[in-house]
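Printed here is upload-v6.cif (mmCIF, C-alpha atoms):
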```cif
data_protein
loop_
_atom_site.label_atom_id
_atom_site.label_comp_id
_atom_site.auth_asym_id
_atom_site.auth_seq_id
_atom_site.Cartn_x
_atom_site.Cartn_y
_atom_site.Cartn_z
CA MET A 1 119.57 119.99 99.92
CA SER A 2 117.67 122.50 97.85
CA LYS A 3 119.03 121.45 94.44
CA ILE A 4 118.82 118.27 92.37
CA GLN A 5 120.76 117.81 89.14
CA CYS A 6 118.61 116.86 86.14
CA LEU A 7 119.77 113.60 84.57
CA ASN A 8 118.40 114.68 81.19
CA CYS A 9 119.99 118.10 80.60
CA GLY A 10 122.38 118.48 83.55
CA GLY A 11 120.67 121.61 84.87
CA MET A 12 120.22 122.20 88.59
CA ALA A 13 116.63 122.35 89.81
CA GLU A 14 115.80 124.29 92.98
CA VAL A 15 113.41 122.10 94.99
CA GLY A 16 113.59 123.67 98.46
CA ASN A 17 112.84 120.98 101.04
CA ALA A 18 111.04 118.76 98.52
CA LEU A 19 112.52 115.40 97.56
CA SER A 20 111.75 115.85 93.87
CA GLY A 21 110.74 118.59 91.47
CA GLU A 22 110.79 119.82 87.89
CA CYS A 23 113.81 120.93 85.89
CA PRO A 24 113.39 124.59 84.89
CA TYR A 25 115.43 124.03 81.71
CA CYS A 26 113.88 120.96 80.10
CA GLY A 27 110.75 120.35 82.18
CA CYS A 28 111.74 116.80 83.22
CA ARG A 29 110.94 115.42 86.64
CA VAL A 30 114.05 115.48 88.82
CA GLU A 31 114.63 113.13 91.74
CA TYR A 32 117.53 111.46 93.50
CA ARG A 33 118.25 108.45 91.24
CA ARG A 34 122.01 108.55 90.70
CA ALA A 35 125.09 109.87 92.45
CA SER A 36 125.09 112.74 89.97
CA SER A 37 121.65 113.81 91.25
CA PHE A 38 123.41 114.75 94.51
CA ASN A 39 125.73 117.35 92.90
CA GLY A 40 123.91 120.12 94.79
CA VAL A 41 124.16 118.30 98.15
CA GLU A 42 127.05 118.71 100.59
CA LYS A 43 128.39 115.51 102.16
CA SER A 44 127.53 116.92 105.59
CA ASP A 45 123.85 117.11 104.54
CA LEU A 46 123.55 113.45 103.50
CA GLY A 47 122.40 112.27 106.94
CA GLN A 48 119.64 114.87 107.10
CA LEU A 49 118.55 114.10 103.55
CA ARG A 50 118.48 110.37 104.31
CA SER A 51 116.26 111.10 107.33
CA LEU A 52 113.85 113.02 105.08
CA PHE A 53 113.60 110.06 102.70
CA GLU A 54 113.09 107.66 105.62
CA SER A 55 110.35 109.91 107.04
CA ALA A 56 108.62 110.05 103.66
CA GLY A 57 108.78 106.24 103.45
CA ALA A 58 107.45 105.84 107.01
CA LYS A 59 104.61 108.26 106.23
CA SER A 60 103.68 106.18 103.16
CA ALA A 61 103.76 102.99 105.24
CA GLY A 62 101.61 104.68 107.92
CA GLU A 63 99.04 105.50 105.26
CA GLY A 64 98.92 101.85 104.22
CA LYS A 65 101.00 102.42 101.08
CA ALA A 66 104.12 100.51 100.14
CA PRO A 67 107.28 102.62 100.60
CA GLN A 68 108.22 104.24 97.31
CA GLU A 69 111.17 102.49 95.70
CA LYS A 70 112.67 105.80 94.58
CA ASN A 71 112.95 106.79 98.26
CA GLU A 72 114.68 103.48 99.00
CA LEU A 73 117.15 104.08 96.15
CA ALA A 74 117.84 107.61 97.41
CA ILE A 75 118.46 106.24 100.93
CA ALA A 76 120.88 103.65 99.51
CA LEU A 77 122.69 106.39 97.58
CA CYS A 78 122.94 108.53 100.72
CA TYR A 79 124.63 105.60 102.47
CA LEU A 80 126.89 104.95 99.49
CA LEU A 81 128.00 108.58 99.14
CA ALA A 82 128.57 108.83 102.90
CA GLY A 83 130.85 105.77 102.73
CA ASN A 84 128.56 103.33 104.57
CA PHE A 85 128.90 100.52 102.05
CA VAL A 86 127.42 97.80 104.27
CA LEU A 87 124.05 99.56 104.62
CA ALA A 88 124.13 100.70 100.98
CA LYS A 89 124.69 97.11 99.87
CA LYS A 90 121.81 95.86 102.00
CA LYS A 91 119.39 98.49 100.66
CA LEU A 92 120.46 97.94 97.04
CA ALA A 93 120.07 94.15 97.34
CA ALA A 94 116.52 94.66 98.64
CA LEU A 95 115.77 97.03 95.75
CA ILE A 96 116.98 94.50 93.18
CA GLU A 97 114.68 91.92 94.70
CA ASN A 98 111.64 94.19 95.11
CA ASP A 99 111.96 96.54 92.12
CA PRO A 100 113.94 94.77 89.38
CA GLY A 101 112.98 97.26 86.67
CA SER A 102 115.52 100.02 87.39
CA ALA A 103 119.13 100.01 86.18
CA GLU A 104 120.63 102.04 89.02
CA PRO A 105 120.38 99.49 91.87
CA TYR A 106 122.15 96.85 89.77
CA TYR A 107 125.05 99.15 88.94
CA TYR A 108 125.52 100.61 92.41
CA TYR A 109 125.24 97.14 93.94
CA THR A 110 128.17 95.99 91.79
CA LEU A 111 130.23 98.87 93.17
CA THR A 112 129.56 97.64 96.71
CA LEU A 113 130.55 94.11 95.69
CA ILE A 114 133.88 95.36 94.31
CA GLY A 115 134.43 97.58 97.33
CA GLY A 116 137.60 99.34 96.17
CA ARG A 117 139.46 96.24 95.02
CA ALA A 118 141.18 95.76 91.70
CA LEU A 119 138.97 93.94 89.19
CA SER A 120 141.68 91.34 88.71
CA ALA A 121 141.43 90.48 92.43
CA ILE A 122 137.74 89.57 92.59
CA THR A 123 136.69 85.92 92.69
CA MET A 124 135.16 83.97 89.82
CA ARG A 125 131.83 83.84 91.69
CA GLU A 126 131.88 87.63 92.15
CA ALA A 127 132.84 88.19 88.52
CA LYS A 128 129.89 86.09 87.31
CA ALA A 129 127.47 87.92 89.60
CA ILE A 130 128.83 91.35 88.64
CA THR A 131 128.67 90.43 84.94
CA GLY A 132 124.99 89.51 85.29
CA TYR A 133 124.10 92.65 87.22
CA LEU A 134 125.88 94.90 84.73
CA GLN A 135 124.29 93.19 81.73
CA THR A 136 120.89 93.76 83.33
CA ALA A 137 121.66 97.43 84.06
CA MET A 138 122.77 97.99 80.45
CA MET A 139 119.64 96.28 79.14
CA LEU A 140 117.38 98.43 81.35
CA ASP A 141 119.06 101.76 80.53
CA GLY A 142 121.30 101.92 77.48
CA ASN A 143 122.08 105.60 78.14
CA PHE A 144 123.62 105.08 81.59
CA VAL A 145 127.35 105.19 80.80
CA PHE A 146 128.86 103.82 84.00
CA PRO A 147 127.52 100.25 83.81
CA LYS A 148 129.02 100.07 80.30
CA LEU A 149 132.33 101.44 81.53
CA LEU A 150 132.53 98.98 84.41
CA TYR A 151 131.50 96.09 82.16
CA ALA A 152 134.21 96.96 79.63
CA LEU A 153 136.84 97.15 82.38
CA LEU A 154 135.62 93.87 83.87
CA CYS A 155 136.03 92.18 80.47
CA ILE A 156 139.56 93.52 80.12
CA GLU A 157 140.95 93.48 83.65
CA TYR A 158 139.24 90.39 85.04
CA TYR A 159 138.44 88.08 82.14
CA GLU A 160 141.30 88.88 79.77
CA GLY A 161 143.66 89.57 82.67
CA ASN A 162 143.07 86.05 84.02
CA ASP A 163 143.20 84.43 80.54
CA LEU A 164 139.46 83.66 80.60
CA LEU A 165 136.96 83.93 77.76
CA SER A 166 135.50 87.42 77.96
CA PRO A 167 131.72 87.86 77.56
CA ALA A 168 132.29 90.93 75.35
CA ASP A 169 135.02 92.93 73.64
CA GLY A 170 135.91 95.30 76.45
CA ARG A 171 138.44 97.23 74.39
CA GLN A 172 135.86 97.97 71.71
CA MET A 173 133.38 99.09 74.36
CA LEU A 174 135.98 101.41 75.90
CA ALA A 175 136.78 102.85 72.48
CA GLU A 176 133.07 103.61 71.95
CA LEU A 177 132.90 105.36 75.33
CA TYR A 178 136.18 107.26 74.89
CA GLU A 179 134.77 110.71 74.10
CA THR A 180 131.62 110.44 76.20
CA GLU A 181 131.22 113.22 78.74
CA VAL A 182 130.65 111.93 82.24
CA ASP A 183 129.54 113.49 85.50
CA GLN A 184 132.43 114.16 87.90
CA LYS A 185 130.54 113.00 91.01
CA GLU A 186 129.73 109.68 89.33
CA LEU A 187 133.35 109.35 88.23
CA GLU A 188 134.67 110.09 91.73
CA LEU A 189 132.37 107.44 93.22
CA PHE A 190 133.44 104.97 90.53
CA LYS A 191 137.14 105.60 91.18
CA SER A 192 136.68 105.29 94.93
CA LEU A 193 135.13 101.82 94.60
CA VAL A 194 136.93 100.34 91.58
CA ALA A 195 140.73 100.16 91.57
CA THR A 196 141.71 100.46 87.91
CA LYS A 197 144.58 102.00 86.00
CA SER A 198 142.50 102.34 82.83
CA VAL A 199 140.29 105.25 83.96
#
```
Output the file's structure in the form of structure tokens.
Amino acid sequence: MSKIQCLNCGGMAEVGNALSGECPYCGCRVEYRRASSFNGVEKSDLGQLRSLFESAGAKSAGEGKAPQEKNELAIALCYLLAGNFVLAKKKLAALIENDPGSAEPYYYYTLTLIGGRALSAITMREAKAITGYLQTAMMLDGNFVFPKLLYALLCIEYYEGNDLLSPADGRQMLAELYETEVDQKELELFKSLVATKSV
């Protein structure tokens, strides 16, 4: 629990028992915002880390402050990485409603909606919802690769696969992402929740 991976440069920042810190390599603020932020955290430590975030949120509420949304996102990610998709989904849905300005809750929420199924097996209603959430995530953070990857696969495997009009050219999007380096922890989470033969 003493390290957080910087989303800017990829360096590991020693933060001790703090829930955020500063990257020693690029000077950016580091906090638990994506699955890749947890690269320095063992799976067995996720429960303890979640408790720390909950305590920090309770302390804020006790001081009359609203719980910090970044703590709520970190709690949702702890649930997601621990495999508790029901609680992760609930937390992420609340984040989308209460803090609609961050890309991460939209993307991770779509993963909980898919829940390990093949994209061709989701319903039309789910596909429309997932499409909207991914479009929002891409609009909010154009540098976050995984919403783009999932959107491209959705266009190919759901829309094209079911002979429906695709909202975008998924094959072109995949071609643009082909040589992009991705974080292994993010990729593992993606593969565990999206059944695809393309990635």
>> Evaluate the PyMOL selection byres ((chain A and resi 23) around 12) against this structure - the residues, as a list in words, please.
In response: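 Matching residues under the PyMOL selection byres ((chain A and resi 23) around 12) are Lys3, Ile4, Gln5, Cys6, Leu7, Asn8, Cys9, Gly10, Gly11, Met12, Ala13, Glu14, Val15, Ser20, Gly21, Glu22, Pro24, Tyr25, Cys26, Gly27, Cys28, Arg29, Val30, Glu31 and Ser37 of chain A.
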Could you dump the residues just selected with C-alpha atoms as a PDB file, in the frame of the given file?
```
ATOM      1  CA  LYS A   3     119.030 121.450  94.440  1.00  0.00           C
ATOM      2  CA  ILE A   4     118.820 118.270  92.370  1.00  0.00           C
ATOM      3  CA  GLN A   5     120.760 117.810  89.140  1.00  0.00           C
ATOM      4  CA  CYS A   6     118.610 116.860  86.140  1.00  0.00           C
ATOM      5  CA  LEU A   7     119.770 113.600  84.570  1.00  0.00           C
ATOM      6  CA  ASN A   8     118.400 114.680  81.190  1.00  0.00           C
ATOM      7  CA  CYS A   9     119.990 118.100  80.600  1.00  0.00           C
ATOM      8  CA  GLY A  10     122.380 118.480  83.550  1.00  0.00           C
ATOM      9  CA  GLY A  11     120.670 121.610  84.870  1.00  0.00           C
ATOM     10  CA  MET A  12     120.220 122.200  88.590  1.00  0.00           C
ATOM     11  CA  ALA A  13     116.630 122.350  89.810  1.00  0.00           C
ATOM     12  CA  GLU A  14     115.800 124.290  92.980  1.00  0.00           C
ATOM     13  CA  VAL A  15     113.410 122.100  94.990  1.00  0.00           C
ATOM     14  CA  SER A  20     111.750 115.850  93.870  1.00  0.00           C
ATOM     15  CA  GLY A  21     110.740 118.590  91.470  1.00  0.00           C
ATOM     16  CA  GLU A  22     110.790 119.820  87.890  1.00  0.00           C
ATOM     17  CA  PRO A  24     113.390 124.590  84.890  1.00  0.00           C
ATOM     18  CA  TYR A  25     115.430 124.030  81.710  1.00  0.00           C
ATOM     19  CA  CYS A  26     113.880 120.960  80.100  1.00  0.00           C
ATOM     20  CA  GLY A  27     110.750 120.350  82.180  1.00  0.00           C
ATOM     21  CA  CYS A  28     111.740 116.800  83.220  1.00  0.00           C
ATOM     22  CA  ARG A  29     110.940 115.420  86.640  1.00  0.00           C
ATOM     23  CA  VAL A  30     114.050 115.480  88.820  1.00  0.00           C
ATOM     24  CA  GLU A  31     114.630 113.130  91.740  1.00  0.00           C
ATOM     25  CA  SER A  37     121.650 113.810  91.250  1.00  0.00           C
TER      26      SER A  37
END
```
> So, counting all atoms listed in the file, which residue among A:Ala35, A:Leu153, A:Ala74, A:Leu164 is closest to Lys197 (chain A)?
Replying inline: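 Of all the options, A:Leu153 lies closest to Lys197 (chain A).
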>> I'd like the contact shell of Ala76 (chain A) - 12 Å cut-off, only C-alpha atoms, skipping same-chain residues fewer than 4 positions apart - returned as JSON, numbers by chain.
In response: {"A": [32, 33, 34, 35, 46, 47, 49, 50, 51, 53, 54, 69, 70, 71, 72, 80, 81, 82, 83, 84, 85, 86, 87, 88, 89, 90, 91, 92, 93, 94, 95, 96, 104, 105, 106, 108, 109, 112]}
Preceding selection exported with C-alpha atoms as a PDB file, keeping the file's coordinate frame:
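File selection-v7.pdb, as written:
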```pdb
ATOM      1  CA  TYR A  32     117.530 111.460  93.500  1.00  0.00           C
ATOM      2  CA  ARG A  33     118.250 108.450  91.240  1.00  0.00           C
ATOM      3  CA  ARG A  34     122.010 108.550  90.700  1.00  0.00           C
ATOM      4  CA  ALA A  35     125.090 109.870  92.450  1.00  0.00           C
ATOM      5  CA  LEU A  46     123.550 113.450 103.500  1.00  0.00           C
ATOM      6  CA  GLY A  47     122.400 112.270 106.940  1.00  0.00           C
ATOM      7  CA  LEU A  49     118.550 114.100 103.550  1.00  0.00           C
ATOM      8  CA  ARG A  50     118.480 110.370 104.310  1.00  0.00           C
ATOM      9  CA  SER A  51     116.260 111.100 107.330  1.00  0.00           C
ATOM     10  CA  PHE A  53     113.600 110.060 102.700  1.00  0.00           C
ATOM     11  CA  GLU A  54     113.090 107.660 105.620  1.00  0.00           C
ATOM     12  CA  GLU A  69     111.170 102.490  95.700  1.00  0.00           C
ATOM     13  CA  LYS A  70     112.670 105.800  94.580  1.00  0.00           C
ATOM     14  CA  ASN A  71     112.950 106.790  98.260  1.00  0.00           C
ATOM     15  CA  GLU A  72     114.680 103.480  99.000  1.00  0.00           C
ATOM     16  CA  LEU A  80     126.890 104.950  99.490  1.00  0.00           C
ATOM     17  CA  LEU A  81     128.000 108.580  99.140  1.00  0.00           C
ATOM     18  CA  ALA A  82     128.570 108.830 102.900  1.00  0.00           C
ATOM     19  CA  GLY A  83     130.850 105.770 102.730  1.00  0.00           C
ATOM     20  CA  ASN A  84     128.560 103.330 104.570  1.00  0.00           C
ATOM     21  CA  PHE A  85     128.900 100.520 102.050  1.00  0.00           C
ATOM     22  CA  VAL A  86     127.420  97.800 104.270  1.00  0.00           C
ATOM     23  CA  LEU A  87     124.050  99.560 104.620  1.00  0.00           C
ATOM     24  CA  ALA A  88     124.130 100.700 100.980  1.00  0.00           C
ATOM     25  CA  LYS A  89     124.690  97.110  99.870  1.00  0.00           C
ATOM     26  CA  LYS A  90     121.810  95.860 102.000  1.00  0.00           C
ATOM     27  CA  LYS A  91     119.390  98.490 100.660  1.00  0.00           C
ATOM     28  CA  LEU A  92     120.460  97.940  97.040  1.00  0.00           C
ATOM     29  CA  ALA A  93     120.070  94.150  97.340  1.00  0.00           C
ATOM     30  CA  ALA A  94     116.520  94.660  98.640  1.00  0.00           C
ATOM     31  CA  LEU A  95     115.770  97.030  95.750  1.00  0.00           C
ATOM     32  CA  ILE A  96     116.980  94.500  93.180  1.00  0.00           C
ATOM     33  CA  GLU A 104     120.630 102.040  89.020  1.00  0.00           C
ATOM     34  CA  PRO A 105     120.380  99.490  91.870  1.00  0.00           C
ATOM     35  CA  TYR A 106     122.150  96.850  89.770  1.00  0.00           C
ATOM     36  CA  TYR A 108     125.520 100.610  92.410  1.00  0.00           C
ATOM     37  CA  TYR A 109     125.240  97.140  93.940  1.00  0.00           C
ATOM     38  CA  THR A 112     129.560  97.640  96.710  1.00  0.00           C
TER      39      THR A 112
END
```
Residues of region 60-145 of chain A that approach region 173-180 of chain A to 12 Å or less, counting all atoms listed in the file: could you list each one with the shortest pair of atoms and its distance in Å to one decimal, rows by chain and increasing residue number, as a tab-separated table?
```
residue	atom	partner	partner_atom	distance
A:Asn143	CA	A:Thr180	CA	10.9
A:Phe144	CA	A:Thr180	CA	11.0
A:Val145	CA	A:Leu177	CA	7.8
```
Can you report as AutoDock Vina command-line options the centre and edge lengths in Å, to one decimal, of an axis-aligned box around the listed atoms of region 37-56 of chain A padded with 5 Å on each side?
```
--center_x 118.5 --center_y 113.9 --center_z 99.3 --size_x 29.8 --size_y 22.5 --size_z 26.1
```
>> For a quick check of understanding, using only C-alpha atoms, which of A:Leu52, A:Ala129, A:Leu134, A:Ile122 has the smallest distance to Gly161 (chain A)?
In response: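 That would be A:Ile122, the residue with the smallest distance to Gly161 (chain A).
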>> With distances taken over only C-alpha atoms, which residue among A:Lys148, A:Lys191, A:Lys43, A:Lys185 lies nearest Ala168 (chain A)?
In response: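 Using only C-alpha atoms, the shortest distance to Ala168 (chain A) belongs to A:Lys148.
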> Closest to Leu154 (chain A) among A:Asn98, A:Asn17, A:Ser192, A:Ser198, using all atoms listed in the file?
Replying inline: A:Ser198
> What does the distance from CA of Leu149 (chain A) to CA of Asn39 (chain A) come to in Å, to one decimal?
Replying inline: 20.6 Å
If we count only C-alpha atoms, what is near Asn162 (chain A) at a cut-off of 12 Å, once residues fewer than 2 positions away on the same chain are taken out, given as a PDB file with C-alpha atoms, in the frame of the given file?
```
ATOM      1  CA  LEU A 119     138.970  93.940  89.190  1.00  0.00           C
ATOM      2  CA  SER A 120     141.680  91.340  88.710  1.00  0.00           C
ATOM      3  CA  ALA A 121     141.430  90.480  92.430  1.00  0.00           C
ATOM      4  CA  ILE A 122     137.740  89.570  92.590  1.00  0.00           C
ATOM      5  CA  THR A 123     136.690  85.920  92.690  1.00  0.00           C
ATOM      6  CA  MET A 124     135.160  83.970  89.820  1.00  0.00           C
ATOM      7  CA  ALA A 127     132.840  88.190  88.520  1.00  0.00           C
ATOM      8  CA  LEU A 154     135.620  93.870  83.870  1.00  0.00           C
ATOM      9  CA  CYS A 155     136.030  92.180  80.470  1.00  0.00           C
ATOM     10  CA  ILE A 156     139.560  93.520  80.120  1.00  0.00           C
ATOM     11  CA  GLU A 157     140.950  93.480  83.650  1.00  0.00           C
ATOM     12  CA  TYR A 158     139.240  90.390  85.040  1.00  0.00           C
ATOM     13  CA  TYR A 159     138.440  88.080  82.140  1.00  0.00           C
ATOM     14  CA  GLU A 160     141.300  88.880  79.770  1.00  0.00           C
ATOM     15  CA  LEU A 164     139.460  83.660  80.600  1.00  0.00           C
ATOM     16  CA  LEU A 165     136.960  83.930  77.760  1.00  0.00           C
ATOM     17  CA  SER A 166     135.500  87.420  77.960  1.00  0.00           C
TER      18      SER A 166
END
```
